file upload22.txt (compact mmCIF, C-alpha atoms and all ligand atoms)
# COMPACT_ATOMS: atom_id res chain seq x y z
CA MET A 1 -14.56 18.55 -21.26
CA THR A 2 -16.32 16.76 -18.42
CA ALA A 3 -18.76 18.43 -16.01
CA GLY A 4 -16.20 18.27 -13.23
CA SER A 5 -13.38 19.75 -15.27
CA ALA A 6 -13.34 23.26 -13.77
CA ARG A 7 -12.89 21.80 -10.32
CA GLU A 8 -10.38 19.26 -11.62
CA THR A 9 -8.34 22.09 -13.12
CA TRP A 10 -8.51 23.99 -9.84
CA VAL A 11 -7.40 20.91 -7.94
CA ARG A 12 -4.48 20.24 -10.29
CA ASP A 13 -3.35 23.84 -9.87
CA GLN A 14 -3.18 23.37 -6.12
CA PHE A 15 -0.45 20.73 -6.36
CA PRO A 16 2.94 21.97 -7.62
CA ALA A 17 4.31 18.42 -7.71
CA LEU A 18 1.75 17.43 -10.34
CA ARG A 19 3.14 19.97 -12.82
CA SER A 20 6.12 17.81 -13.74
CA GLY A 21 4.10 15.73 -16.18
CA GLU A 22 4.77 12.57 -14.23
CA ALA A 23 1.52 10.76 -13.40
CA ARG A 24 1.56 10.29 -9.61
CA MET A 25 -0.22 7.09 -8.63
CA ASP A 26 1.81 6.56 -5.48
CA GLY A 27 -0.80 8.18 -3.23
CA PRO A 28 -1.15 5.16 -0.90
CA ALA A 29 2.56 5.56 -0.09
CA GLY A 30 2.12 9.30 0.45
CA SER A 31 -0.01 11.99 -1.15
CA GLN A 32 1.14 15.23 -2.74
CA VAL A 33 0.76 18.53 -0.91
CA PRO A 34 -1.33 21.51 -2.05
CA VAL A 35 -0.06 25.10 -2.05
CA PRO A 36 -1.95 26.23 1.09
CA VAL A 37 -0.23 23.48 3.10
CA ILE A 38 3.20 24.45 1.80
CA ARG A 39 2.50 28.13 2.49
CA ALA A 40 1.24 27.46 6.02
CA MET A 41 4.42 25.53 6.81
CA VAL A 42 6.68 28.23 5.41
CA ARG A 43 4.69 30.96 7.16
CA TYR A 44 5.05 29.18 10.48
CA LEU A 45 8.81 28.86 10.06
CA GLU A 46 9.12 32.48 8.96
CA ALA A 47 6.92 34.10 11.58
CA ASP A 48 5.93 31.83 14.45
CA ASN A 49 8.75 29.36 14.97
CA ALA A 50 9.05 28.93 18.74
CA ASN A 51 8.66 26.37 21.46
CA SER A 52 5.42 26.47 23.37
CA GLY A 53 4.81 27.91 26.82
CA GLY A 54 6.52 31.29 26.35
CA LEU A 55 4.92 34.68 26.89
CA PHE A 56 6.22 36.25 23.67
CA SER A 57 4.19 36.41 20.50
CA ALA A 58 5.71 33.53 18.47
CA SER A 59 5.32 31.18 21.41
CA VAL A 60 1.77 32.30 22.10
CA SER A 61 1.01 31.75 18.40
CA THR A 62 2.55 28.29 18.58
CA ASP A 63 0.37 27.35 21.55
CA SER A 64 -2.67 28.64 19.74
CA LEU A 65 -1.64 26.63 16.65
CA ILE A 66 -1.37 23.42 18.69
CA GLY A 67 -4.92 24.04 19.91
CA ARG A 68 -6.13 24.71 16.36
CA ALA A 69 -4.46 21.52 15.14
CA ARG A 70 -6.28 19.52 17.84
CA ASP A 71 -9.55 21.23 16.85
CA ALA A 72 -8.94 20.52 13.16
CA MET A 73 -8.23 16.85 13.80
CA ALA A 74 -11.20 16.57 16.15
CA GLY A 75 -13.37 17.80 13.27
CA PHE A 76 -11.64 15.47 10.82
CA LEU A 77 -12.02 12.40 13.03
CA GLY A 78 -15.34 13.20 14.70
CA CYS A 79 -14.07 13.40 18.28
CA ARG A 80 -13.15 15.98 20.92
CA PRO A 81 -9.92 18.00 20.79
CA GLU A 82 -8.78 16.51 24.13
CA GLU A 83 -8.98 13.06 22.55
CA VAL A 84 -6.43 13.96 19.85
CA GLY A 85 -2.69 13.39 20.15
CA PHE A 86 0.26 13.85 17.78
CA GLY A 87 3.40 11.88 17.06
CA GLN A 88 5.99 11.19 14.42
CA ASN A 89 3.99 8.93 12.08
CA ALA A 90 1.28 6.27 12.30
CA SER A 91 3.74 3.45 13.07
CA THR A 92 5.36 5.29 15.96
CA VAL A 93 2.03 6.46 17.36
CA ASN A 94 0.66 2.91 17.21
CA LEU A 95 3.77 1.57 18.92
CA LEU A 96 3.52 4.12 21.76
CA LEU A 97 -0.20 3.59 22.26
CA SER A 98 -0.05 -0.20 22.09
CA ARG A 99 2.85 -0.28 24.56
CA ALA A 100 0.70 1.73 26.94
CA ALA A 101 -2.31 -0.53 26.34
CA VAL A 102 -0.50 -3.84 26.88
CA ARG A 103 0.65 -2.72 30.32
CA SER A 104 -2.87 -3.29 31.58
CA LEU A 105 -3.15 -6.81 30.06
CA ARG A 106 -2.79 -10.02 32.03
CA PRO A 107 -1.28 -13.37 31.03
CA GLY A 108 -3.79 -15.26 28.90
CA ASP A 109 -5.50 -12.13 27.59
CA GLU A 110 -5.99 -12.00 23.83
CA ILE A 111 -5.49 -9.44 21.10
CA VAL A 112 -7.16 -9.93 17.74
CA VAL A 113 -5.44 -8.63 14.59
CA THR A 114 -6.22 -9.19 10.92
CA ARG A 115 -4.48 -10.11 7.70
CA LEU A 116 -5.73 -6.85 6.22
CA ASP A 117 -3.56 -4.88 8.60
CA HIS A 118 -0.36 -3.02 7.91
CA ASP A 119 2.48 -4.53 9.95
CA SER A 120 2.42 -1.47 12.22
CA ASN A 121 -0.94 -2.65 13.58
CA ILE A 122 0.29 -6.24 14.08
CA ASP A 123 3.93 -6.35 15.09
CA PRO A 124 3.67 -4.06 18.14
CA TRP A 125 0.90 -6.35 19.44
CA LEU A 126 3.05 -9.44 18.91
CA GLU A 127 5.91 -7.82 20.82
CA GLY A 128 3.67 -6.45 23.54
CA ALA A 129 1.86 -9.76 23.97
CA LYS A 130 5.20 -11.53 24.44
CA ASP A 131 6.09 -9.15 27.26
CA VAL A 132 2.90 -9.71 29.24
CA GLY A 133 2.09 -13.34 28.35
CA ALA A 134 -0.90 -12.41 26.19
CA LYS A 135 -1.84 -14.14 22.95
CA VAL A 136 -2.35 -12.65 19.48
CA VAL A 137 -5.00 -14.20 17.24
CA MET A 138 -4.86 -13.40 13.52
CA VAL A 139 -8.13 -13.27 11.55
CA ASP A 140 -7.86 -14.33 7.94
CA ALA A 141 -8.97 -12.63 4.76
CA ARG A 142 -11.37 -14.32 2.35
CA ASP A 143 -10.17 -15.09 -1.19
CA ASP A 144 -11.58 -11.76 -2.40
CA THR A 145 -9.42 -9.95 0.25
CA THR A 146 -12.40 -8.96 2.45
CA LEU A 147 -12.16 -9.72 6.15
CA ASP A 148 -13.42 -13.16 7.16
CA MET A 149 -16.25 -12.02 9.43
CA ASP A 150 -17.06 -15.56 10.59
CA GLY A 151 -13.41 -15.98 11.47
CA LEU A 152 -13.54 -12.69 13.35
CA ALA A 153 -16.60 -13.76 15.32
CA ALA A 154 -14.84 -17.02 16.21
CA ALA A 155 -11.63 -15.21 17.19
CA ILE A 156 -13.31 -12.81 19.62
CA GLY A 157 -13.87 -14.42 22.99
CA GLU A 158 -14.07 -13.65 26.67
CA ARG A 159 -10.31 -13.12 26.96
CA THR A 160 -10.19 -10.66 24.04
CA ARG A 161 -9.08 -7.23 25.19
CA VAL A 162 -8.27 -5.50 21.89
CA VAL A 163 -9.54 -5.95 18.33
CA ALA A 164 -7.03 -4.24 16.04
CA PHE A 165 -8.02 -3.81 12.42
CA PRO A 166 -7.73 -1.37 9.51
CA TRP A 167 -10.43 0.89 8.13
CA ALA A 168 -9.05 -0.18 4.75
CA CYS A 169 -6.16 -2.41 3.64
CA ASN A 170 -3.32 -0.33 2.22
CA ALA A 171 -2.29 -2.99 -0.31
CA THR A 172 -5.62 -3.93 -1.88
CA GLY A 173 -7.86 -1.01 -0.87
CA THR A 174 -10.36 -3.42 0.72
CA MET A 175 -12.49 -1.71 3.36
CA THR A 176 -13.84 -3.20 6.58
CA ASP A 177 -17.15 -2.58 8.33
CA VAL A 178 -15.75 -0.52 11.18
CA ALA A 179 -19.03 -0.02 13.04
CA GLN A 180 -19.85 -3.72 12.96
CA ILE A 181 -16.38 -4.77 14.10
CA SER A 182 -16.45 -2.19 16.90
CA ALA A 183 -19.80 -3.56 18.05
CA MET A 184 -18.39 -7.11 18.03
CA ALA A 185 -15.36 -5.97 20.05
CA HIS A 186 -17.49 -4.12 22.57
CA ALA A 187 -19.88 -7.04 23.00
CA ALA A 188 -16.86 -8.97 24.30
CA GLY A 189 -15.65 -6.05 26.42
CA ALA A 190 -12.69 -5.42 24.09
CA LEU A 191 -11.37 -2.21 22.57
CA SER A 192 -11.95 -1.33 18.93
CA TRP A 193 -8.52 -0.22 17.65
CA VAL A 194 -8.68 1.14 14.12
CA ASP A 195 -5.83 1.95 11.78
CA ALA A 196 -7.39 4.59 9.55
CA THR A 197 -4.11 5.51 7.83
CA HIS A 198 -4.95 4.17 4.39
CA PHE A 199 -8.58 5.26 4.39
CA ALA A 200 -8.03 8.85 5.56
CA PRO A 201 -7.63 10.56 2.13
CA HIS A 202 -10.52 8.61 0.62
CA GLY A 203 -13.54 9.40 2.75
CA PRO A 204 -14.98 10.81 5.95
CA ILE A 205 -14.05 9.31 9.31
CA ASP A 206 -16.35 9.56 12.31
CA VAL A 207 -14.85 7.66 15.20
CA THR A 208 -17.81 8.51 17.40
CA ALA A 209 -20.38 7.16 14.93
CA VAL A 210 -18.46 3.90 14.46
CA GLU A 211 -17.69 3.73 18.20
CA ALA A 212 -13.96 3.24 17.84
CA ASP A 213 -11.86 3.47 21.00
CA VAL A 214 -8.58 4.24 19.25
CA ALA A 215 -7.94 5.45 15.69
CA ILE A 216 -4.63 6.26 14.07
CA CYS A 217 -3.71 8.09 10.89
CA SER A 218 -0.90 9.92 9.11
CA PRO A 219 -1.47 13.39 7.60
CA TYR A 220 1.10 12.79 4.86
CA LYS A 221 -1.44 10.37 3.37
CA PHE A 222 -4.10 13.08 3.26
CA PHE A 223 -2.31 16.01 1.64
CA GLY A 224 -0.49 17.18 4.76
CA PRO A 225 3.04 16.92 6.09
CA HIS A 226 4.77 13.96 7.74
CA LEU A 227 3.19 13.51 11.13
CA GLY A 228 1.18 10.90 13.05
CA VAL A 229 -2.18 11.49 14.73
CA PHE A 230 -4.21 9.43 17.14
CA TYR A 231 -7.62 9.54 18.70
CA ALA A 232 -8.09 7.81 22.04
CA LYS A 233 -11.54 7.84 23.55
CA GLN A 234 -11.89 9.95 26.66
CA GLY A 235 -11.43 7.87 29.78
CA LEU A 236 -9.27 5.27 28.09
CA LEU A 237 -5.85 6.77 28.62
CA GLU A 238 -6.45 7.55 32.27
CA GLY A 239 -6.52 3.81 32.93
CA TRP A 240 -3.18 3.17 31.24
CA LEU A 241 0.35 3.75 32.33
CA PRO A 242 1.78 5.52 29.33
CA LEU A 243 5.44 4.95 28.58
CA HIS A 244 6.02 8.60 28.86
CA VAL A 245 8.81 10.96 29.42
CA ARG A 246 7.45 13.89 31.42
CA ALA A 247 5.38 16.02 29.04
CA SER A 248 5.94 19.69 29.81
CA ALA A 249 2.40 20.73 30.74
CA PRO A 250 -0.10 18.03 29.82
CA GLN A 251 -3.64 19.35 29.70
CA SER A 252 -5.17 16.07 28.59
CA PRO A 253 -4.22 12.38 28.91
CA ALA A 254 -3.54 12.33 25.16
CA GLN A 255 -0.72 14.80 25.72
CA LEU A 256 1.00 12.31 28.03
CA LEU A 257 1.68 10.30 24.90
CA GLU A 258 3.31 13.25 23.17
CA PRO A 259 6.77 13.29 24.67
CA GLY A 260 8.91 16.23 23.62
CA THR A 261 8.32 19.23 21.41
CA LEU A 262 5.66 19.05 18.74
CA PRO A 263 6.60 19.96 15.14
CA GLY A 264 4.94 23.37 14.80
CA GLU A 265 5.46 23.65 11.05
CA SER A 266 3.81 20.25 10.52
CA LEU A 267 0.85 21.20 12.69
CA ALA A 268 0.46 24.38 10.62
CA GLY A 269 0.46 22.24 7.47
CA LEU A 270 -2.01 19.81 9.02
CA VAL A 271 -4.54 22.56 9.76
CA ALA A 272 -4.25 23.73 6.14
CA ALA A 273 -4.64 20.16 4.83
CA VAL A 274 -7.86 19.66 6.77
CA GLU A 275 -9.14 23.02 5.48
CA TYR A 276 -8.21 21.98 1.94
CA ILE A 277 -10.27 18.78 2.22
CA GLN A 278 -13.17 20.74 3.72
CA SER A 279 -13.04 23.22 0.84
CA LEU A 280 -13.56 20.38 -1.65
CA GLY A 281 -15.94 18.31 0.46
CA TRP A 282 -15.97 14.53 0.75
CA PRO A 283 -18.85 13.96 -1.71
CA TRP A 284 -16.83 15.36 -4.61
CA ILE A 285 -13.66 13.57 -3.56
CA ARG A 286 -15.51 10.27 -3.34
CA GLU A 287 -17.26 10.75 -6.67
CA GLN A 288 -14.01 11.60 -8.35
CA GLU A 289 -12.23 8.55 -6.95
CA ALA A 290 -15.18 6.32 -7.89
CA ARG A 291 -14.99 7.64 -11.46
CA LEU A 292 -11.25 7.04 -11.70
CA GLY A 293 -11.39 3.65 -9.99
CA THR A 294 -14.24 2.39 -12.16
CA ALA A 295 -12.42 3.45 -15.33
CA PHE A 296 -9.31 1.62 -14.14
CA LEU A 297 -11.17 -1.57 -13.27
CA GLU A 298 -13.08 -1.58 -16.54
CA GLY A 299 -9.97 -1.00 -18.62
CA LEU A 300 -7.44 -3.24 -16.85
CA PRO A 301 -5.87 -5.33 -19.63
CA PRO A 302 -6.52 -9.09 -19.34
CA ALA A 303 -2.80 -9.88 -18.99
CA TRP A 304 -2.97 -8.24 -15.55
CA GLU A 305 -4.38 -9.92 -12.48
CA LEU A 306 -6.27 -7.82 -9.96
CA TYR A 307 -5.79 -8.86 -6.34
CA GLY A 308 -8.94 -7.66 -4.66
CA LEU A 309 -12.47 -6.48 -5.26
CA GLY A 310 -13.53 -6.03 -8.88
CA THR A 311 -15.84 -3.05 -8.39
CA MET A 312 -15.61 0.15 -6.40
CA ASN A 313 -18.02 -1.22 -3.78
CA GLY A 314 -16.25 -1.74 -0.48
CA ARG A 315 -12.87 -0.48 -1.61
CA THR A 316 -10.74 2.59 -2.09
CA ALA A 317 -9.20 3.46 -5.47
CA THR A 318 -6.03 1.55 -4.52
CA PHE A 319 -5.33 -1.45 -6.73
CA ALA A 320 -2.88 -4.29 -6.25
CA ILE A 321 -2.15 -5.91 -9.58
CA GLY A 322 0.41 -8.23 -11.09
CA ALA A 323 1.46 -10.06 -14.20
CA ARG A 324 3.54 -12.98 -13.07
CA SER A 325 6.07 -12.98 -15.91
CA LYS A 326 8.08 -10.27 -14.12
CA ALA A 327 8.65 -9.11 -10.57
CA PRO A 328 6.51 -6.18 -9.38
CA SER A 329 9.59 -3.99 -9.01
CA GLU A 330 10.47 -4.57 -12.67
CA TRP A 331 7.00 -3.50 -13.76
CA ALA A 332 7.20 -0.43 -11.52
CA ALA A 333 10.56 0.48 -13.02
CA ALA A 334 9.15 0.14 -16.54
CA LEU A 335 6.21 2.38 -15.63
CA ALA A 336 8.56 4.90 -14.02
CA ALA A 337 10.53 5.01 -17.28
CA ASP A 338 7.20 5.89 -18.91
CA GLY A 339 6.60 8.77 -16.48
CA ILE A 340 4.12 6.88 -14.30
CA ALA A 341 4.81 6.68 -10.56
CA VAL A 342 3.47 3.54 -8.90
CA THR A 343 4.80 1.53 -5.99
CA ALA A 344 5.71 -2.14 -5.84
CA GLY A 345 6.41 -4.71 -3.14
CA HIS A 346 4.52 -5.70 -0.01
CA PHE A 347 3.79 -2.19 1.33
CA ARG A 348 4.26 -3.60 4.85
CA ALA A 349 0.96 -5.41 4.30
CA THR A 350 2.98 -8.59 4.54
CA ARG A 351 0.21 -10.78 5.96
CA MET A 352 -2.08 -9.94 3.07
CA MET A 353 0.69 -10.62 0.57
CA GLU A 354 1.30 -14.02 2.20
CA ARG A 355 -2.43 -14.72 1.97
CA LEU A 356 -2.41 -13.86 -1.74
CA GLY A 357 0.64 -16.06 -2.34
CA LEU A 358 2.72 -13.11 -3.52
CA PRO A 359 6.17 -13.32 -1.90
CA ALA A 360 7.47 -10.49 -4.10
CA GLY A 361 4.31 -8.47 -3.50
CA ALA A 362 2.38 -6.63 -6.18
CA VAL A 363 2.30 -3.46 -8.23
CA ARG A 364 0.14 -0.86 -6.47
CA VAL A 365 -1.68 1.75 -8.54
CA GLY A 366 -3.34 4.29 -6.27
CA PHE A 367 -5.62 7.12 -7.30
CA LEU A 368 -6.49 10.15 -5.23
CA HIS A 369 -8.95 12.90 -6.13
CA TYR A 370 -6.17 14.88 -7.85
CA ASN A 371 -5.63 12.20 -10.49
CA THR A 372 -7.41 12.48 -13.82
CA LEU A 373 -9.13 10.19 -16.30
CA GLU A 374 -6.33 10.98 -18.73
CA GLU A 375 -3.86 9.57 -16.23
CA VAL A 376 -5.99 6.45 -15.80
CA GLU A 377 -5.97 5.99 -19.57
CA ARG A 378 -2.23 6.56 -19.62
CA VAL A 379 -1.50 3.85 -17.07
CA LEU A 380 -3.93 1.44 -18.75
CA ALA A 381 -2.22 1.96 -22.09
CA ALA A 382 1.18 1.45 -20.49
CA LEU A 383 0.02 -1.71 -18.70
CA GLY A 384 -1.44 -2.99 -21.95
CA GLY A 385 1.91 -2.57 -23.67
CA LEU A 386 3.90 -4.07 -20.82
CA GLY A 387 1.56 -6.91 -19.90
CA ALA A 388 1.68 -8.22 -23.43
CA GLY A 389 5.46 -8.43 -23.26
C1 LIG B 401 -2.76 1.24 6.69
C2 LIG B 401 -1.44 1.82 7.10
N1 LIG B 401 -1.10 1.79 8.38
C3 LIG B 401 0.07 2.30 8.82
C4 LIG B 401 0.96 2.85 7.94
C5 LIG B 401 2.26 3.39 8.46
O1 LIG B 401 2.22 4.75 8.35
P1 LIG B 401 3.47 5.65 8.73
O2 LIG B 401 4.35 5.66 7.56
O3 LIG B 401 2.88 6.98 9.03
O4 LIG B 401 4.12 5.05 9.91
C6 LIG B 401 0.66 2.89 6.57
C7 LIG B 401 1.63 3.42 5.61
O5 LIG B 401 1.61 3.13 4.45
C8 LIG B 401 -0.60 2.39 6.14
O6 LIG B 401 -0.93 2.43 4.87
call {"tool": "encode", "arguments": {"input": "upload22.txt", "output": "C-alpha cells"}}
result
Amino acid sequence: MTAGSARETWVRDQFPALRSGEARMDGPAGSQVPVPVIRAMVRYLEADNANSGGLFSASVSTDSLIGRARDAMAGFLGCRPEEVGFGQNASTVNLLLSRAAVRSLRPGDEIVVTRLDHDSNIDPWLEGAKDVGAKVVMVDARDDTTLDMDGLAAAIGERTRVVAFPWACNATGTMTDVAQISAMAHAAGALSWVDATHFAPHGPIDVTAVEADVAICSPYKFFGPHLGVFYAKQGLLEGWLPLHVRASAPQSPAQLLEPGTLPGESLAGLVAAVEYIQSLGWPWIREQEARLGTAFLEGLPPAWELYGLGTMNGRTATFAIGARSKAPSEWAAALAADGIAVTAGHFRATRMMERLGLPAGAVRVGFLHYNTLEEVERVLAALGGLGAG
C-alpha cells in the first residue's frame, strides 16, 4: 500500500464510472464525474428546476444558484464573479467571444495563434479575420512540441491585437508560459487570450496573476457537466459589440454573451465540481498526476514513440504516442478490447499533428488524479504486448 492509498481509495469511490473495471484514460476528451456532482444535478432537477427571474422559491433558488456558480468559477479562475460567463462548451464560447472581439478590429490588424492550439482557438480567428480584413499569424512549435518563443516574439508586432494560445496543448500535454506570453502581448498592446480547457483539471489557474484578458474552459474536463465557461477582464466587453440576442436582465457585460436560459442543472453540477477539487486541493492532485505520469514515461516500451516532452516538467499527464506499424485508431481499438479506454486521432489539435507529421494523429493516453499506478502498469503492459506485434 502506498502512503496516498487511503485518499486514492476515497477518490475512486467518488466516481461511479470507474467501478466498471475499465481503465479510463480518456480524461483529455472528458473527465468522469464524482457523486456530489451527480447528486447536485439530480437535486436541482428534483427541487429547483425553474427559469430565473420569478418570485417563487424554485426560481429564487435558481437565481441564487447562478450567482453561486459565478462565485465558484471566480474562485476557480482567480477573477471576479462579474467577469465570468457561461455557454454551451469551450468551442461555442470561444466562437461567440471571438466574433465579438473581431468587430473592433480594422483591416490590416493581426491576430497571433499557435500550433499548440485546439482548432477552436484558431478557426474562429481565421473566419473572423476574413470578415474584417485582418491577418492571422501562426506561431510554430519546436521539435519537442514546446512553443517557439522566438517565433512568437517575431510574430507579435505593432498591428497585433490578440495573442491566442493554450495554457496547455490537448494533444501532447505541453504547457506554455502564460504569464510571459501575456506580458509579450501586452507590451504590444494586444490581448492575451488563453484557452485553458486542457489544463483546467491538472492545476490551479489564476488569470489575474498571469494577466490574461480572456480565458476559456469546459467543466466537463474538470469533473463537472457539459458546459462552457469564460473569463473576460472587466472593461473589455464594454468596448465590444457582442453578437447578442437580448439577454433577459444582464447585470454584467459578461451576461450579454449568455443569450438564452442557462442550464441550471449544469451550474449546480459545476458548483459541486469546484467544491470537489477544493476538497482534494491542487497540491495532492498535482503530486498524484506527477507520480502517474513519471511512471508512464519511465515504463513506455521502446516500440512506442512519444510525441512530446520526456519528463513531467512543463507538461500535463497527457501523452501522445504512436507505433507506426498501425493506425492510432487500430491501437485504440485493441486497447479498448483489453478494457483500456484511450482516444486516438487528431483531437482537433490538427496544427500540432501536421507539425508532428502525423496525418492519422496519435494515440492519446491521459491520466487524471483518479487514475492509479495499477492502471498505468496495465496500459504499459498492454502497449508492450501490442507494440511488439
Ligand atoms: C484545449 C482545448 N480547447 C478547446 C476544446 C473544445 O472544448 P469543447 O468540447 O468544450 O468545445 C478542447 C476539447 O478537447 C480542448 O482540449
call {"tool": "axis_aligned_box", "arguments": {"input": "upload22.txt", "around": "ligand LIG 401 (chain B)", "padding_each_side": "3 Å", "output": "lines of an AutoDock Vina configuration file"}}
result
center_x = 0.8
center_y = 4.1
center_z = 7.2
size_x = 13.1
size_y = 11.7
size_z = 11.5
call {"tool": "residues_around", "arguments": {"input": "upload22.txt", "residues": "Arg106 in chain A", "least_positions_apart": "6", "cutoff": "9 Å", "atoms": "only C-alpha atoms", "output": "number ranges by chain"}}
result
A: 132-134
call {"tool": "residues_around", "arguments": {"input": "upload22.txt", "residues": "range 283-287 of chain A", "least_positions_apart": "3", "cutoff": "7 Å", "atoms": "all atoms listed in the file", "output": "PyMOL selection string"}}
result
chain A and resi 202-203+280+290-291+369
call {"tool": "residues_near_ligand", "arguments": {"input": "upload22.txt", "ligand": "ligand LIG 401 (chain B)", "cutoff": "6 Å", "atoms": "all atoms listed in the file", "output": "list in words"}}
result
Ala29, Asn89, Ala90, Ser91, His118, Ser120, Cys169, Asn170, Asp195, Thr197, His198, Ser218 and Gly228 of chain A
call {"tool": "residues_near_point", "arguments": {"input": "upload22.txt", "point": "(-1.9, 21.7, -3.6)", "cutoff": "10 Å", "atoms": "all atoms listed in the file", "output": "mmCIF file with C-alpha atoms, in the coordinates of the input"}}
result
data_model
loop_
_atom_site.group_PDB
_atom_site.id
_atom_site.type_symbol
_atom_site.label_atom_id
_atom_site.label_comp_id
_atom_site.auth_asym_id
_atom_site.auth_seq_id
_atom_site.Cartn_x
_atom_site.Cartn_y
_atom_site.Cartn_z
ATOM 1 C CA TRP A 10 -8.510 23.990 -9.840
ATOM 2 C CA VAL A 11 -7.400 20.910 -7.940
ATOM 3 C CA ARG A 12 -4.480 20.240 -10.290
ATOM 4 C CA ASP A 13 -3.350 23.840 -9.870
ATOM 5 C CA GLN A 14 -3.180 23.370 -6.120
ATOM 6 C CA PHE A 15 -0.450 20.730 -6.360
ATOM 7 C CA PRO A 16 2.940 21.970 -7.620
ATOM 8 C CA ALA A 17 4.310 18.420 -7.710
ATOM 9 C CA LEU A 18 1.750 17.430 -10.340
ATOM 10 C CA GLN A 32 1.140 15.230 -2.740
ATOM 11 C CA VAL A 33 0.760 18.530 -0.910
ATOM 12 C CA PRO A 34 -1.330 21.510 -2.050
ATOM 13 C CA VAL A 35 -0.060 25.100 -2.050
ATOM 14 C CA PRO A 36 -1.950 26.230 1.090
ATOM 15 C CA VAL A 37 -0.230 23.480 3.100
ATOM 16 C CA ILE A 38 3.200 24.450 1.800
ATOM 17 C CA ARG A 39 2.500 28.130 2.490
ATOM 18 C CA PHE A 223 -2.310 16.010 1.640
ATOM 19 C CA GLY A 224 -0.490 17.180 4.760
ATOM 20 C CA ALA A 273 -4.640 20.160 4.830
ATOM 21 C CA TYR A 276 -8.210 21.980 1.940
ATOM 22 C CA TYR A 370 -6.170 14.880 -7.850
#
call {"tool": "closest_residue", "arguments": {"input": "upload22.txt", "among": "A:Pro204, A:Thr146, A:Asn371, A:Pro219", "to": "Tyr307 in chain A", "atoms": "all atoms listed in the file"}}
result
A:Thr146
call {"tool": "residues_around", "arguments": {"input": "upload22.txt", "residues": "Val162 in chain A", "least_positions_apart": "5", "cutoff": "7 Å", "atoms": "only C-alpha atoms", "output": "PyMOL selection string"}}
result
chain A and resi 111-112+190-193
call {"tool": "atom_distance", "arguments": {"input": "upload22.txt", "atom1": "CA of Thr176 in chain A", "atom2": "CA of Gly314 in chain A"}}
result
7.6 Å
call {"tool": "residues_near_point", "arguments": {"input": "upload22.txt", "point": "(8.1, 11.5, -17.9)", "cutoff": "6 Å", "atoms": "only C-alpha atoms", "output": "list in words"}}
result
Glu22, Asp338 and Gly339 of chain A
call {"tool": "atom_distance", "arguments": {"input": "upload22.txt", "atom1": "CA of Pro302 in chain A", "atom2": "CA of Ala382 in chain A"}}
result
13.1 Å
call {"tool": "atom_distance", "arguments": {"input": "upload22.txt", "atom1": "CA of Gly78 in chain A", "atom2": "CA of Asp206 in chain A"}}
result
4.5 Å
call {"tool": "closest_residue", "arguments": {"input": "upload22.txt", "among": "A:Asp48, A:Glu83, A:Asp117, A:Glu8", "to": "Ala212 in chain A", "atoms": "all atoms listed in the file"}}
result
A:Glu83
call {"tool": "residues_around", "arguments": {"input": "upload22.txt", "residues": "Leu227 in chain A", "least_positions_apart": "4", "cutoff": "10 Å", "atoms": "all atoms listed in the file", "output": "MDAnalysis selection string"}}
result
chainID A and resid 86:90 92:93 217:221 262:263 266:267 269:270
call {"tool": "write_last_selection", "arguments": {"input": "upload22.txt", "atoms": "C-alpha atoms", "output": "CSV table (one decimal), in the frame of the given file"}}
result
chain,number,residue,atom,x,y,z
A,86,PHE,CA,0.3,13.8,17.8
A,87,GLY,CA,3.4,11.9,17.1
A,88,GLN,CA,6.0,11.2,14.4
A,89,ASN,CA,4.0,8.9,12.1
A,90,ALA,CA,1.3,6.3,12.3
A,92,THR,CA,5.4,5.3,16.0
A,93,VAL,CA,2.0,6.5,17.4
A,217,CYS,CA,-3.7,8.1,10.9
A,218,SER,CA,-0.9,9.9,9.1
A,219,PRO,CA,-1.5,13.4,7.6
A,220,TYR,CA,1.1,12.8,4.9
A,221,LYS,CA,-1.4,10.4,3.4
A,262,LEU,CA,5.7,19.0,18.7
A,263,PRO,CA,6.6,20.0,15.1
A,266,SER,CA,3.8,20.2,10.5
A,267,LEU,CA,0.8,21.2,12.7
A,269,GLY,CA,0.5,22.2,7.5
A,270,LEU,CA,-2.0,19.8,9.0
call {"tool": "closest_residue", "arguments": {"input": "upload22.txt", "among": "A:Ala187, A:Val84, A:Ala268, A:Leu292", "to": "Glu46 in chain A", "atoms": "all atoms listed in the file"}}
result
A:Ala268
call {"tool": "closest_residue", "arguments": {"input": "upload22.txt", "among": "A:Leu358, A:Met25, A:Val271, A:Met138", "to": "Ala332 in chain A", "atoms": "all atoms listed in the file"}}
result
A:Met25
call {"tool": "build_atoms", "arguments": {"input": "upload22.txt", "residues": "range 250-257 of chain A", "atoms": "N, CA and C atoms", "output": "PDB file, in the frame of the given file"}}
result
ATOM      1  N   PRO A 250       1.009  18.744  30.440  1.00  0.00           N
ATOM      2  CA  PRO A 250      -0.100  18.030  29.820  1.00  0.00           C
ATOM      3  C   PRO A 250      -1.458  18.553  30.297  1.00  0.00           C
ATOM      4  N   GLN A 251      -2.305  18.880  29.329  1.00  0.00           N
ATOM      5  CA  GLN A 251      -3.640  19.350  29.700  1.00  0.00           C
ATOM      6  C   GLN A 251      -4.682  18.282  29.410  1.00  0.00           C
ATOM      7  N   SER A 252      -4.246  17.170  28.831  1.00  0.00           N
ATOM      8  CA  SER A 252      -5.170  16.070  28.590  1.00  0.00           C
ATOM      9  C   SER A 252      -4.348  14.787  28.622  1.00  0.00           C
ATOM     10  N   PRO A 253      -4.971  13.643  28.902  1.00  0.00           N
ATOM     11  CA  PRO A 253      -4.220  12.380  28.910  1.00  0.00           C
ATOM     12  C   PRO A 253      -3.546  12.120  27.570  1.00  0.00           C
ATOM     13  N   ALA A 254      -4.163  12.562  26.473  1.00  0.00           N
ATOM     14  CA  ALA A 254      -3.540  12.330  25.160  1.00  0.00           C
ATOM     15  C   ALA A 254      -2.157  12.966  25.115  1.00  0.00           C
ATOM     16  N   GLN A 255      -2.015  14.102  25.776  1.00  0.00           N
ATOM     17  CA  GLN A 255      -0.720  14.800  25.720  1.00  0.00           C
ATOM     18  C   GLN A 255       0.383  14.058  26.473  1.00  0.00           C
ATOM     19  N   LEU A 256      -0.017  13.123  27.352  1.00  0.00           N
ATOM     20  CA  LEU A 256       1.000  12.310  28.030  1.00  0.00           C
ATOM     21  C   LEU A 256       1.711  11.389  27.044  1.00  0.00           C
ATOM     22  N   LEU A 257       1.063  11.151  25.913  1.00  0.00           N
ATOM     23  CA  LEU A 257       1.680  10.300  24.900  1.00  0.00           C
ATOM     24  C   LEU A 257       2.356  11.122  23.810  1.00  0.00           C
TER      25      LEU A 257
END
